[in-house]
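Working notes, structure below.
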Amino acid sequence: SQTIHQWPATLVQPVGSPLSLECTVEGTSNPNLYWYRQAAGRGLQLLFYSVGIGQISSEVPQNLSASRPQDRQFILSSKKLLLSDSGFYLCALIGRTGQGEKLFFGSGTQLSVL
Amino acid sequence: KQEVTQIPAALSVPEGENLVLNCSFTDSAIYNLQWFRQDPGKGLTSLLLIQSSQREQTSGRLNASLDKSSGRSTLYIAASQPGDSATYLCAVRGLMEYGNKLVFGAGTILRVKS
């Protein structure tokens, strides 16, 4: 079965600093990968998704970027963090199960920009 | 553009009650619908997946139904327990959606009092 690794679990960064969040997956090949953000008191927002190596689609124009250098690696980056980048960042993939194709989530990174 | 609405936004019930959470979507051309649970500060856990051709799915005390033509799904929780307290989200995947993206509702915050 597929596994999603996200780290760190918690991150505190000053405004203007760079960001790199890494997501790696196991137990699947060529998955569709997703970055979501959940701001405090708000719903789940899709930021980026990737259907293959080097293929990135952006849902919301903003201060962030994503890259997929390897099949099972998805990276979320920023050159200069803003206060509004604070939130809970979740990596996800579509995986095949006996019941059908499901969306699975990693454990998330809580980012606080101060 | 698909929109997903969940009612109620919050629900507080005494232990042992049966309860229903509602999810509605505007575009009936869906591939599947998924219900998730999220505990505070944690990632999302998939509860039930209903394919567009299915009417319902069951897992333990949980039963999810789907009425695609009316754009509705319900999650039924039998004999609620304090451990069921969490946020419940539904998400739909469009039929011909590039990237197989899911659209999420804002969630229902459930509190089960002992």
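Residue names in the structure tokens use chain letters A, B, ... in the order shown, residue numbers from 1 in each chain, and ligand numbers from 1 in the order shown.
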
Legend entry - Which of chain B fall in strand (DSSP E or B), as a ChimeraX atom specification: /B:4-7,10-14,19-25,30-38,44-51,56-59,62-67,72-77,86-94,102-104,108-113

Inset, instruction - Compute the chain A side of the contact with chain B at 9 Å, counting only C-alpha atoms, and hand it back as a PyMOL selection string. - result: chain A and resi 32-34+42-46+49-51+57+88+90+94+99-108+110

Would you mind exporting the chosen residues as a PDB file, in the first residue's frame, restricted to N, CA and C atoms?
ATOM      1  N   ASN A  32      -0.466  10.619  -9.330  1.00  0.00           N
ATOM      2  CA  ASN A  32      -0.820  12.036  -9.329  1.00  0.00           C
ATOM      3  C   ASN A  32      -0.559  12.542  -7.905  1.00  0.00           C
ATOM      4  N   LEU A  33       0.165  13.662  -7.807  1.00  0.00           N
ATOM      5  CA  LEU A  33       0.510  14.215  -6.501  1.00  0.00           C
ATOM      6  C   LEU A  33      -0.073  15.613  -6.342  1.00  0.00           C
ATOM      7  N   TYR A  34      -0.390  15.977  -5.097  1.00  0.00           N
ATOM      8  CA  TYR A  34      -1.090  17.227  -4.820  1.00  0.00           C
ATOM      9  C   TYR A  34      -0.493  17.908  -3.582  1.00  0.00           C
ATOM     10  N   ARG A  42     -10.278  27.865   7.839  1.00  0.00           N
ATOM     11  CA  ARG A  42     -10.716  27.857   6.440  1.00  0.00           C
ATOM     12  C   ARG A  42     -10.665  26.453   5.872  1.00  0.00           C
ATOM     13  N   GLY A  43     -11.209  26.296   4.693  1.00  0.00           N
ATOM     14  CA  GLY A  43     -11.274  24.979   4.066  1.00  0.00           C
ATOM     15  C   GLY A  43      -9.966  24.582   3.419  1.00  0.00           C
ATOM     16  N   LEU A  44     -10.017  23.455   2.754  1.00  0.00           N
ATOM     17  CA  LEU A  44      -8.844  22.884   2.100  1.00  0.00           C
ATOM     18  C   LEU A  44      -8.696  23.502   0.712  1.00  0.00           C
ATOM     19  N   GLN A  45      -7.529  24.063   0.447  1.00  0.00           N
ATOM     20  CA  GLN A  45      -7.288  24.734  -0.834  1.00  0.00           C
ATOM     21  C   GLN A  45      -6.219  23.986  -1.619  1.00  0.00           C
ATOM     22  N   LEU A  46      -6.540  23.600  -2.841  1.00  0.00           N
ATOM     23  CA  LEU A  46      -5.557  22.936  -3.697  1.00  0.00           C
ATOM     24  C   LEU A  46      -4.597  23.976  -4.246  1.00  0.00           C
ATOM     25  N   TYR A  49      -0.738  20.562  -8.435  1.00  0.00           N
ATOM     26  CA  TYR A  49      -0.811  19.130  -8.656  1.00  0.00           C
ATOM     27  C   TYR A  49       0.115  18.757  -9.797  1.00  0.00           C
ATOM     28  N   SER A  50       0.476  17.464  -9.817  1.00  0.00           N
ATOM     29  CA  SER A  50       1.436  16.986 -10.807  1.00  0.00           C
ATOM     30  C   SER A  50       1.017  15.614 -11.292  1.00  0.00           C
ATOM     31  N   VAL A  51       0.972  15.452 -12.614  1.00  0.00           N
ATOM     32  CA  VAL A  51       0.610  14.150 -13.188  1.00  0.00           C
ATOM     33  C   VAL A  51       1.848  13.367 -13.609  1.00  0.00           C
ATOM     34  N   SER A  57       0.998  21.797 -12.298  1.00  0.00           N
ATOM     35  CA  SER A  57      -0.139  22.675 -12.587  1.00  0.00           C
ATOM     36  C   SER A  57      -0.442  23.467 -11.329  1.00  0.00           C
ATOM     37  N   PHE A  88      -1.544  24.944   7.335  1.00  0.00           N
ATOM     38  CA  PHE A  88      -1.256  23.518   7.434  1.00  0.00           C
ATOM     39  C   PHE A  88      -1.143  22.984   6.004  1.00  0.00           C
ATOM     40  N   LEU A  90      -0.508  20.030   3.276  1.00  0.00           N
ATOM     41  CA  LEU A  90      -0.728  18.596   3.145  1.00  0.00           C
ATOM     42  C   LEU A  90      -0.372  18.123   1.742  1.00  0.00           C
ATOM     43  N   ILE A  94      -3.289  10.141  -5.415  1.00  0.00           N
ATOM     44  CA  ILE A  94      -4.387   9.256  -5.791  1.00  0.00           C
ATOM     45  C   ILE A  94      -3.808   7.850  -5.855  1.00  0.00           C
ATOM     46  N   GLN A  99     -11.432  -0.833  -3.647  1.00  0.00           N
ATOM     47  CA  GLN A  99     -12.718  -0.162  -3.841  1.00  0.00           C
ATOM     48  C   GLN A  99     -12.677   0.864  -4.967  1.00  0.00           C
ATOM     49  N   GLY A 100     -11.486   1.179  -5.430  1.00  0.00           N
ATOM     50  CA  GLY A 100     -11.372   2.199  -6.464  1.00  0.00           C
ATOM     51  C   GLY A 100     -10.215   3.138  -6.175  1.00  0.00           C
ATOM     52  N   GLU A 101     -10.159   4.244  -6.890  1.00  0.00           N
ATOM     53  CA  GLU A 101      -9.066   5.197  -6.716  1.00  0.00           C
ATOM     54  C   GLU A 101      -9.419   6.194  -5.618  1.00  0.00           C
ATOM     55  N   LYS A 102      -8.565   6.228  -4.592  1.00  0.00           N
ATOM     56  CA  LYS A 102      -8.810   7.104  -3.453  1.00  0.00           C
ATOM     57  C   LYS A 102      -7.728   8.151  -3.340  1.00  0.00           C
ATOM     58  N   LEU A 103      -8.087   9.272  -2.698  1.00  0.00           N
ATOM     59  CA  LEU A 103      -7.103  10.289  -2.359  1.00  0.00           C
ATOM     60  C   LEU A 103      -6.588   9.992  -0.952  1.00  0.00           C
ATOM     61  N   PHE A 104      -5.254   9.904  -0.829  1.00  0.00           N
ATOM     62  CA  PHE A 104      -4.618   9.657   0.457  1.00  0.00           C
ATOM     63  C   PHE A 104      -3.772  10.862   0.827  1.00  0.00           C
ATOM     64  N   PHE A 105      -3.749  11.187   2.132  1.00  0.00           N
ATOM     65  CA  PHE A 105      -3.016  12.350   2.607  1.00  0.00           C
ATOM     66  C   PHE A 105      -1.841  11.955   3.491  1.00  0.00           C
ATOM     67  N   GLY A 106      -0.808  12.806   3.459  1.00  0.00           N
ATOM     68  CA  GLY A 106       0.270  12.706   4.430  1.00  0.00           C
ATOM     69  C   GLY A 106      -0.157  13.339   5.746  1.00  0.00           C
ATOM     70  N   SER A 107       0.768  13.359   6.698  1.00  0.00           N
ATOM     71  CA  SER A 107       0.435  13.843   8.038  1.00  0.00           C
ATOM     72  C   SER A 107       0.525  15.362   8.159  1.00  0.00           C
ATOM     73  N   GLY A 108       1.077  16.029   7.154  1.00  0.00           N
ATOM     74  CA  GLY A 108       1.033  17.492   7.123  1.00  0.00           C
ATOM     75  C   GLY A 108       2.183  18.197   7.821  1.00  0.00           C
ATOM     76  N   GLN A 110       2.709  21.943   9.777  1.00  0.00           N
ATOM     77  CA  GLN A 110       2.122  23.177  10.281  1.00  0.00           C
ATOM     78  C   GLN A 110       3.170  24.275  10.166  1.00  0.00           C
TER      79      GLN A 110
END

Inset, instruction - From chain B, collect each residue whose DSSP state is helix (DSSP H, G or I) and return the set as JSON, numbers by chain. - result: {"B": [82, 83, 84, 98, 99, 100]}

Legend entry - Contacts of Arg68 of chain A at 7 Å (only C-alpha atoms; same-chain gap of 5+ positions) as an NGL selection string: :A and (53-54 or 73-75)

Would you mind exporting the chosen residues as a PDB file, in the first residue's frame, restricted to C-alpha atoms?
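As written to disk, result.pdb reads:
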ATOM      1  CA  ILE A  53       7.923  14.195 -13.462  1.00  0.00           C
ATOM      2  CA  GLY A  54       8.472  17.863 -14.284  1.00  0.00           C
ATOM      3  CA  GLN A  73       9.119  13.365  -4.846  1.00  0.00           C
ATOM      4  CA  PHE A  74       7.076  16.551  -4.725  1.00  0.00           C
ATOM      5  CA  ILE A  75       8.531  19.773  -3.353  1.00  0.00           C
TER       6      ILE A  75
END

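Take the candidates A:Thr97, A:Ser58, A:Arg72, A:Pro31 and check each one against His5 of chain A using only C-alpha atoms; the shortest distance goes to A:Arg72.
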
Inset, instruction - Please indicate the distance in Å from atom CA of Asn63 of chain A to atom CA of Val92 of chain B, rounded to one decimal place. - result: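 About the pair atom CA of Asn63 of chain A and atom CA of Val92 of chain B: they are 27.2 Å apart.
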
Inset, instruction - Go through A:Val60, A:Cys91, A:Thr10, A:Ser86 and flag the residue nearest Thr24 of chain A, using only C-alpha atoms for the distances. - result: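 Looking at the shortest contact to Thr24 of chain A, the residue is A:Cys91.
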
Inset, instruction - Within 8 Å of Leu114 of chain A, counting only C-alpha atoms, which residues show up once you throw out same-chain ones fewer than 3 positions away? Write them as a list in words, please. - result: Val12, Gln13, Pro14, Val15 and Leu83 of chain A

Inset, instruction - Go ahead and compute the interatomic distance for atom CA of Leu110 of chain B and atom CA of Ala79 of chain B, in Å to one decimal. - result: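 Those two atoms sit 13.6 Å apart.
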
Inset, instruction - Point out the residue among A:Ser17, A:Gln55, A:Ser29, A:Gln2 with the least atom-to-atom distance to Ser67 of chain A, counting only C-alpha atoms. - result: A:Gln55

Legend entry - Distance criterion (only C-alpha atoms): nearest to Gln54 of chain B out of B:Val13, B:Pro40, B:Ser73, B:Leu21: B:Ser73
